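Peer 1: TSV, C-alpha atoms, file query_21.tsv:
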```tsv
chain	number	residue	atom	x	y	z
A	263	MET	CA	-156.42	45.31	69.31
A	264	SER	CA	-157.27	42.10	71.13
A	265	LYS	CA	-159.36	42.20	74.27
A	266	THR	CA	-157.88	41.74	77.72
A	267	LEU	CA	-158.95	38.76	79.82
A	268	TYR	CA	-160.99	41.11	81.99
A	269	GLU	CA	-162.82	42.48	78.95
A	270	ILE	CA	-163.55	38.95	77.74
A	271	LEU	CA	-165.23	38.16	81.09
A	272	GLY	CA	-166.89	41.59	81.25
A	273	VAL	CA	-165.36	42.64	84.58
A	274	GLU	CA	-163.04	45.36	85.82
A	275	LYS	CA	-159.37	44.64	86.49
A	276	SER	CA	-160.02	45.23	90.19
A	277	ALA	CA	-162.91	42.72	90.29
A	278	PRO	CA	-162.80	40.30	93.27
A	279	ASP	CA	-162.57	36.54	92.72
A	280	ASP	CA	-166.25	35.86	93.38
A	281	GLU	CA	-167.32	38.44	90.78
A	282	ILE	CA	-165.00	36.83	88.20
A	283	ARG	CA	-166.43	33.37	88.93
A	284	LYS	CA	-170.00	34.67	88.74
A	285	SER	CA	-169.37	36.32	85.37
A	286	TYR	CA	-167.63	33.20	84.05
A	287	ARG	CA	-170.51	30.92	85.01
A	288	LYS	CA	-173.01	33.23	83.35
A	289	LEU	CA	-171.04	33.50	80.10
A	290	ALA	CA	-170.08	29.80	80.02
A	291	LYS	CA	-173.73	28.87	80.30
A	292	GLN	CA	-174.70	31.43	77.65
A	293	TYR	CA	-172.15	30.25	75.06
A	294	HIS	CA	-171.84	26.55	75.94
A	295	PRO	CA	-171.70	24.41	72.75
A	296	ASP	CA	-174.36	22.06	74.09
A	297	LEU	CA	-176.79	25.00	74.26
A	298	ASN	CA	-175.70	26.46	70.92
A	299	PRO	CA	-175.32	23.49	68.55
A	300	GLY	CA	-173.70	24.43	65.25
A	301	ASP	CA	-173.00	28.02	66.34
A	302	LYS	CA	-169.28	28.50	65.66
A	303	GLU	CA	-169.23	32.04	67.01
A	304	ALA	CA	-170.71	30.91	70.32
A	305	GLU	CA	-168.19	28.06	70.44
A	306	GLU	CA	-165.29	30.49	69.98
A	307	ARG	CA	-166.69	32.80	72.64
A	308	PHE	CA	-166.99	29.82	75.00
A	309	LYS	CA	-163.34	28.91	74.40
A	310	ASP	CA	-162.23	32.51	75.02
A	311	VAL	CA	-164.26	32.74	78.22
A	312	ALA	CA	-162.92	29.43	79.53
A	313	SER	CA	-159.31	30.34	78.70
A	314	ALA	CA	-159.67	33.75	80.37
A	315	PHE	CA	-161.13	32.18	83.49
A	316	ALA	CA	-158.37	29.56	83.65
A	317	ILE	CA	-155.84	32.37	84.16
A	318	LEU	CA	-157.83	34.85	86.24
A	319	ASP	CA	-159.09	32.15	88.62
A	320	ASP	CA	-155.50	31.17	89.44
A	321	LYS	CA	-154.02	33.72	91.88
A	322	ASP	CA	-150.43	33.23	90.71
A	323	LYS	CA	-151.31	33.37	87.00
A	324	ARG	CA	-153.53	36.41	87.54
A	325	ALA	CA	-150.72	38.24	89.33
A	326	ARG	CA	-148.29	37.38	86.53
A	327	TYR	CA	-150.81	38.46	83.88
A	328	ASP	CA	-151.40	41.77	85.66
A	329	ALA	CA	-147.62	42.27	85.85
A	330	GLY	CA	-147.29	41.66	82.10
A	331	GLU	CA	-145.24	38.47	82.53
A	332	ILE	CA	-147.66	36.25	80.58
A	333	ASP	CA	-150.07	36.98	77.74
A	334	GLU	CA	-153.77	36.20	77.25
A	335	ALA	CA	-152.91	32.60	76.32
A	336	GLY	CA	-150.79	32.10	79.44
A	337	ALA	CA	-147.52	32.09	77.47
A	338	GLU	CA	-144.40	33.80	78.80
A	339	LYS	CA	-143.77	37.29	77.45
A	340	PRO	CA	-140.17	38.12	76.43
A	341	GLN	CA	-138.70	40.78	78.68
A	342	TYR	CA	-136.99	43.31	76.40
A	343	GLU	CA	-137.62	46.44	78.48
A	344	PHE	CA	-134.01	47.04	79.48
A	345	TYR	CA	-132.75	46.83	75.91
A	346	ARG	CA	-135.37	49.29	74.68
A	347	GLN	CA	-134.55	51.71	77.45
A	348	HIS	CA	-130.81	51.79	76.71
A	349	ALA	CA	-130.33	50.87	73.05
A	350	ASP	CA	-130.55	54.52	71.93
A	351	THR	CA	-128.03	55.88	74.46
A	352	ASP	CA	-124.49	56.87	73.62
A	353	ARG	CA	-122.62	53.80	72.32
A	354	GLN	CA	-119.79	54.34	74.75
A	355	HIS	CA	-122.22	53.86	77.64
A	356	GLN	CA	-124.59	51.39	76.03
A	357	TYR	CA	-126.08	48.76	78.40
A	358	HIS	CA	-124.75	50.57	81.47
A	359	SER	CA	-126.85	52.12	84.22
A	360	SER	CA	-126.81	52.68	87.97
A	361	ALA	CA	-129.30	49.81	88.48
A	362	GLY	CA	-126.69	47.05	88.70
A	363	TYR	CA	-126.62	46.06	84.99
A	364	GLU	CA	-122.98	46.95	84.33
A	365	ASP	CA	-122.19	43.40	83.19
A	366	PHE	CA	-125.27	43.05	80.97
A	367	ALA	CA	-123.18	43.20	77.76
A	368	ASP	CA	-121.24	40.16	78.90
A	369	MET	CA	-124.43	38.10	78.57
A	370	GLY	CA	-124.30	38.41	74.77
A	371	ASP	CA	-122.70	34.98	74.36
A	372	VAL	CA	-125.48	33.38	76.40
A	373	PHE	CA	-128.21	34.98	74.28
A	374	SER	CA	-126.36	34.03	71.08
A	375	GLU	CA	-126.33	30.40	72.19
A	376	ILE	CA	-130.07	30.48	72.92
A	377	PHE	CA	-130.83	31.96	69.49
A	378	ARG	CA	-128.51	29.41	67.84
A	379	GLN	CA	-130.41	26.55	69.49
A	380	GLN	CA	-133.78	27.90	68.37
A	381	ARG	CA	-132.50	28.19	64.78
A	382	GLY	CA	-131.73	24.46	64.85
A	383	GLY	CA	-128.12	24.60	65.96
A	384	GLY	CA	-128.28	21.25	67.67
A	385	GLY	CA	-129.10	22.33	71.21
A	386	ARG	CA	-132.17	21.36	73.20
A	387	GLN	CA	-135.35	23.30	72.53
A	388	PHE	CA	-137.06	25.04	75.39
A	389	LYS	CA	-140.08	23.01	76.54
A	390	MET	CA	-143.09	24.47	78.32
A	391	ARG	CA	-145.99	22.69	79.98
A	392	GLY	CA	-149.41	23.51	78.56
A	393	ALA	CA	-151.87	25.63	80.52
A	394	ASP	CA	-154.58	24.00	82.62
A	395	VAL	CA	-158.22	24.28	81.56
A	396	ARG	CA	-160.93	24.86	84.19
A	397	TYR	CA	-164.50	23.65	83.88
A	398	HIS	CA	-167.43	24.16	86.26
A	399	MET	CA	-169.80	21.20	86.54
A	400	LYS	CA	-173.13	20.95	88.35
A	401	VAL	CA	-173.90	17.53	89.80
A	402	ALA	CA	-177.24	16.33	91.16
A	403	PHE	CA	-177.36	15.59	94.90
A	404	LEU	CA	-177.92	11.84	94.46
A	405	GLU	CA	-175.23	11.61	91.76
A	406	ALA	CA	-172.74	13.08	94.21
A	407	ALA	CA	-173.91	10.72	96.95
A	408	LYS	CA	-173.83	7.51	94.89
A	409	GLY	CA	-171.26	8.36	92.20
A	410	ALA	CA	-171.97	8.75	88.49
A	411	LYS	CA	-170.58	9.14	84.99
A	412	LYS	CA	-170.90	12.56	83.35
A	413	ARG	CA	-169.96	13.79	79.89
A	414	ILE	CA	-168.62	17.32	79.39
A	415	THR	CA	-167.45	19.37	76.43
A	416	MET	CA	-164.15	21.13	77.07
A	417	PRO	CA	-163.37	24.64	75.70
A	418	ASP	CA	-161.51	23.12	72.73
A	419	GLY	CA	-164.59	21.13	71.75
A	420	VAL	CA	-163.27	17.78	73.00
A	421	THR	CA	-165.85	15.59	74.76
A	422	LEU	CA	-164.72	13.82	77.94
A	423	ASP	CA	-166.32	11.23	80.22
A	424	VAL	CA	-165.83	12.12	83.88
A	425	SER	CA	-166.23	9.69	86.77
A	426	ILE	CA	-167.91	11.38	89.74
A	427	PRO	CA	-166.66	9.63	92.90
A	428	ARG	CA	-169.10	8.78	95.67
A	429	GLY	CA	-169.37	11.41	98.40
A	430	ILE	CA	-167.87	14.31	96.42
A	431	ASP	CA	-168.84	17.76	97.72
A	432	SER	CA	-169.17	21.27	96.31
A	433	GLY	CA	-165.85	23.05	95.83
A	434	GLN	CA	-163.87	19.88	95.25
A	435	THR	CA	-161.99	19.52	91.96
A	436	ILE	CA	-161.51	16.51	89.71
A	437	ARG	CA	-158.19	16.59	87.85
A	438	LEU	CA	-158.06	15.05	84.36
A	439	LYS	CA	-154.34	14.71	83.70
A	440	GLY	CA	-153.11	15.71	80.26
A	441	LYS	CA	-156.52	16.98	79.07
A	442	GLY	CA	-155.61	20.68	79.13
A	443	HIS	CA	-153.84	22.84	76.54
A	444	PRO	CA	-150.97	21.17	74.62
A	445	GLY	CA	-147.40	21.92	75.64
A	446	ILE	CA	-144.84	23.89	73.65
A	447	ASN	CA	-141.93	22.15	71.87
A	448	GLY	CA	-142.94	18.75	73.18
A	449	GLY	CA	-143.74	19.90	76.70
A	450	ALA	CA	-146.35	18.02	78.69
A	451	ALA	CA	-150.01	18.95	78.19
A	452	GLY	CA	-151.80	20.78	80.98
A	453	ASP	CA	-154.58	19.26	83.04
A	454	ALA	CA	-158.35	19.74	82.95
A	455	LEU	CA	-159.62	20.83	86.35
A	456	VAL	CA	-163.33	20.16	86.86
A	457	GLU	CA	-164.77	22.09	89.81
A	458	ILE	CA	-167.85	20.43	91.26
A	459	GLU	CA	-171.03	22.17	92.43
A	460	VAL	CA	-173.54	19.81	94.08
A	461	GLU	CA	-177.10	20.95	93.53
A	462	PRO	CA	-179.43	20.98	96.56
A	463	HIS	CA	-182.10	18.30	96.99
A	464	SER	CA	-185.75	18.99	97.78
A	465	LEU	CA	-185.76	16.49	100.68
A	466	PHE	CA	-182.23	15.50	101.63
A	467	GLU	CA	-179.52	17.57	103.26
A	468	ARG	CA	-175.85	16.73	103.66
A	469	ASP	CA	-173.91	16.84	106.92
A	470	GLY	CA	-170.40	15.62	106.21
A	471	LEU	CA	-170.81	12.02	105.07
A	472	ASP	CA	-174.31	11.78	106.57
A	473	ILE	CA	-177.56	12.49	104.72
A	474	LEU	CA	-180.34	14.06	106.77
A	475	ILE	CA	-184.07	14.40	106.13
A	476	ASP	CA	-186.82	16.19	108.04
A	477	PHE	CA	-189.62	13.65	108.39
A	478	PRO	CA	-192.98	15.01	109.61
A	479	ILE	CA	-195.08	12.79	111.86
A	480	ALA	CA	-198.48	13.20	113.49
A	481	ILE	CA	-198.79	14.06	117.20
A	482	ASP	CA	-200.28	10.66	118.06
A	483	GLU	CA	-197.33	8.93	116.34
A	484	ALA	CA	-194.93	11.00	118.43
A	485	VAL	CA	-196.80	10.09	121.62
```
Mind converting the file's structure to structure tokens?

Peer 2:
Amino acid sequence: MSKTLYEILGVEKSAPDDEIRKSYRKLAKQYHPDLNPGDKEAEERFKDVASAFAILDDKDKRARYDAGEIDEAGAEKPQYEFYRQHADTDRQHQYHSSAGYEDFADMGDVFSEIFRQQRGGGGRQFKMRGADVRYHMKVAFLEAAKGAKKRITMPDGVTLDVSIPRGIDSGQTIRLKGKGHPGINGGAAGDALVEIEVEPHSLFERDGLDILIDFPIAIDEAV
């Protein structure tokens, strides 16, 4: 049986967002390909951790995952519950209940058309956009202040060059369009979302767009 996204990140289902992010950062650092060159197992673990975080860090996707609407890969789950609940009832009353599904049997033609299209009957195939991939990047204080070029390895092993714009701050996200998971049936690829964390500097401190520094002087200089 495959692990749940919560088990992959080593947290409980009720874990708050900050605990999920903390666990992700720890595991991503532990299994990052740059720190484990040639280790295929670590690379696969890194991909699993990144994919799990991409869903659980998104409130809407996490809610849908918890509700069983999407699977561990972020793909839609087919909803067959009603059929399973009523398929074994008396044939005379099949597909009927007091929950407002009296006309459910009339939808058979619609489902038949969908299945015909998927078997290559000439209709349009259902397209789905690929899932986004999230990546956490630490940036040096001066790199954030002056701008820089950084190279990252995404969960699928692809290496990307990222332009760090001048003045970027912690918590901001750089979107790399089309660099996420591939779409389904020709759907557009998802995006890569790079969350920035600016590391503190030993001397400088940021205040909005200003850079501050505490500069000690002697008493006679002050006078």

Peer 1: Between A:Val273, A:Ile481, A:Leu289, A:Leu455, which residue has the minimum interatomic distance to Val395 (chain A), considering all atoms listed in the file?

Peer 2: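 Comparing A:Val273, A:Ile481, A:Leu289, A:Leu455 against Val395 (chain A), the winner is A:Leu455.
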
Peer 1: For Lys265 (chain A), work out the shell of residues within 12 Å, counting all atoms listed in the file and skipping chain neighbours fewer than 2 positions away, then give it as a list of chain:residue names.

Peer 2: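 The filter keeps A:Met263, A:Leu267, A:Tyr268, A:Glu269, A:Ile270, A:Leu271, A:Gly272, A:Val273, A:Asp310, A:Val311, A:Ala314, A:Asp333, A:Glu334, A:Ala335.
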
Peer 1: Using all atoms listed in the file, can you tell me which of A:Glu305, A:Glu483, A:Asp320, A:Asp296 comes closest to Ile282 (chain A)?

Peer 2: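 Closest residue, counting all atoms listed in the file: A:Asp320.
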
Peer 1: Please indicate the distance in Å from CA of Glu461 (chain A) to CA of Ile430 (chain A), rounded to one decimal place.

Peer 2: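 Separation of CA of Glu461 (chain A) and CA of Ile430 (chain A): 11.7 Å.
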
Peer 1: Record the distance separating CA of Met399 (chain A) and CA of Leu318 (chain A), expressed in Å with one decimal.

Peer 2: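 Between these atoms lies a distance of 18.2 Å.
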
Peer 1: Given only C-alpha atoms as the basis, pick out the residue of A:Lys309, A:Arg391, A:Arg396, A:Arg428 nearest to Gly409 (chain A).

Peer 2: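 Under the stated criterion, the closest residue is A:Arg428.
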